[in-house]
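Peer 1: Quick one: structure below, then a few questions.
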Amino acid sequence: MQTITCSAPGKIYLFGEHAVVYGESAICCAVDLRTRVQATVGNTIKISSVLGDTGFDQDTYPYVCAVIKKMSEMTHIRGISLRIDSDIPVGSGLGSSAAVTIATIQALNLLFGCGLELEDIATLGHSIERMIQGAASPTDTYVSTMGGVVMVPQRKKLNLIDCGIVIGNTGKFSSTRQLVSNVALLKKRYPQIIDPILSTIGRLSQIGEELVVNKEYEAIGRLMNINQGLLDAIGVSSSELSNLIYAARSAGAYSAKITGAGGGGCMIALTDSCDVEKVASGITQAGGEAIITKVTEHGVKVEY
Ligand code: MEV
């Protein structure tokens, strides 16, 4: 085999971003926005996407180059041509870096017969994210590999949620590395205040688990709104995110909160399936880009 295309999904957090970096529980869902990587064996390294056509360029493609470097330690890669296309906006909190990392690992794994299993792919993906971002929990790479709704760090698969999900993108780039480091500084300066906030976020995820299993979406929404208040308290919201969050709630969403690192990027709203258009239009009127999506059980896969 000389060419293969693999894809991996982005993700949203119902609960637990930032707290998960300190070992607290989180509930994260793979969503139906995917990154596809077409890999063809060749004589040189070529990488292309909307970001540009390059060779081995670590500034433009840090994650993809890190995958090539790591996998060259397992197998001989003389040359590879990678074409990347993605539904996931970059730097928006939807796990674009995890998705491109995981899809590239699987494409090279299958093309060069490295024999990596899904658990190995998630572990390698996490080590690459950690190396590039500084601190990174295994959540994004694990969910992108396995798909579905996952409770972490327990790595427990929950049932899929089937209510409406609307993502609102502020269009502002957000740096996960910067936001994780801001929270770390705050935690260091005010441990008596920040530690209980992070453990309360973890507790929300634990209570949320049973609600997800029982499909109690209004109750999940109430807890997500509390989670949003706590994310605001640790300084990862922004006026743009707050605008979209309140617009979605006013348009009838059960809940609306940041997803991912915050500071910019995206928020999510959980809605009754009948209300998705109304909530999407509320987000658009407030200046965001609305994306209606759903949870997917498909993690990394081969595209035929
Ligand atoms: C980023 O998608 C989620 C954070 O919790 C960081 C991480 O888990 O690595 C902010």
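Chain lettering (A, B, ...) mirrors the order of the structure tokens, residue numbering begins at 1 for each chain separately, and ligand numbering begins at 1 in order of display.
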I'd like the contact shell of range 1-17 of chain A - 8 Å cut-off, only C-alpha atoms, skipping same-chain residues fewer than 5 positions apart - returned as a VMD selection string.

Peer 2: chain A and resid 24 to 41 88 93 to 96 98 to 100 102 to 104 106 to 107 110 to 111 140 143 to 145 147 201 to 202 204 to 205 208 224 227 259 to 261 268 298 to 304

Peer 1: Among the residues of range 162-281 of chain A, find those DSSP assigns to alpha helix (DSSP H) from the backbone and print them as number ranges by chain.

Peer 2: A: 176-189, 191-213, 217-233, 239-250, 276-281

Peer 1: Let me make sure I understand: among A:Val276, A:Met131, A:Leu108, A:Ala269, which one has the smallest atom-to-atom distance to ligand 1 if we use only C-alpha atoms and all ligand atoms?

Peer 2: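 Looking only at the distances to ligand 1, the closest residue turns out to be A:Met131.
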
Peer 1: Between A:Ser255, A:Ser250, A:Asn159, A:Ser127, which residue has the minimum interatomic distance to ligand 1, considering only C-alpha atoms and all ligand atoms?

Peer 2: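 Nearest to ligand 1: A:Ser127.
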
Peer 1: Within 9 Å of Ile226 in chain A, counting only C-alpha atoms, which residues qualify if same-chain residues fewer than 4 places away don't, as a list in words?

Peer 2: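 Residues near the query, excluding close chain neighbours: Ile201, Leu204, Gly221, Arg222, Leu230, Leu231 and Lys257 of chain A.
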
Peer 1: Using the selection just defined, write its residues with C-alpha atoms as a PDB file, in the first residue's frame.

Peer 2:
ATOM      1  CA  ILE A 201     -15.051  21.228  38.815  1.00  0.00           C
ATOM      2  CA  LEU A 204     -19.263  18.406  38.786  1.00  0.00           C
ATOM      3  CA  GLY A 221     -27.019  21.900  31.591  1.00  0.00           C
ATOM      4  CA  ARG A 222     -27.485  23.299  35.111  1.00  0.00           C
ATOM      5  CA  LEU A 230     -15.896  28.441  37.924  1.00  0.00           C
ATOM      6  CA  LEU A 231     -13.966  28.713  34.630  1.00  0.00           C
ATOM      7  CA  LYS A 257     -19.989  27.242  28.566  1.00  0.00           C
TER       8      LYS A 257
END

Peer 1: Would you please work out which residue, of A:Ile68, A:Ile128, A:Ala290, A:Ile245, is nearest to ligand 1 when using only C-alpha atoms and all ligand atoms?

Peer 2: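 Smallest separation from ligand 1 among the options: A:Ile128.
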
Peer 1: For Pro62 in chain A, which of A:Asn243, A:Thr176, A:Thr123, A:Thr101 is the closest residue, counting only C-alpha atoms?

Peer 2: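 Among the listed residues, the smallest separation from Pro62 in chain A belongs to A:Thr101.
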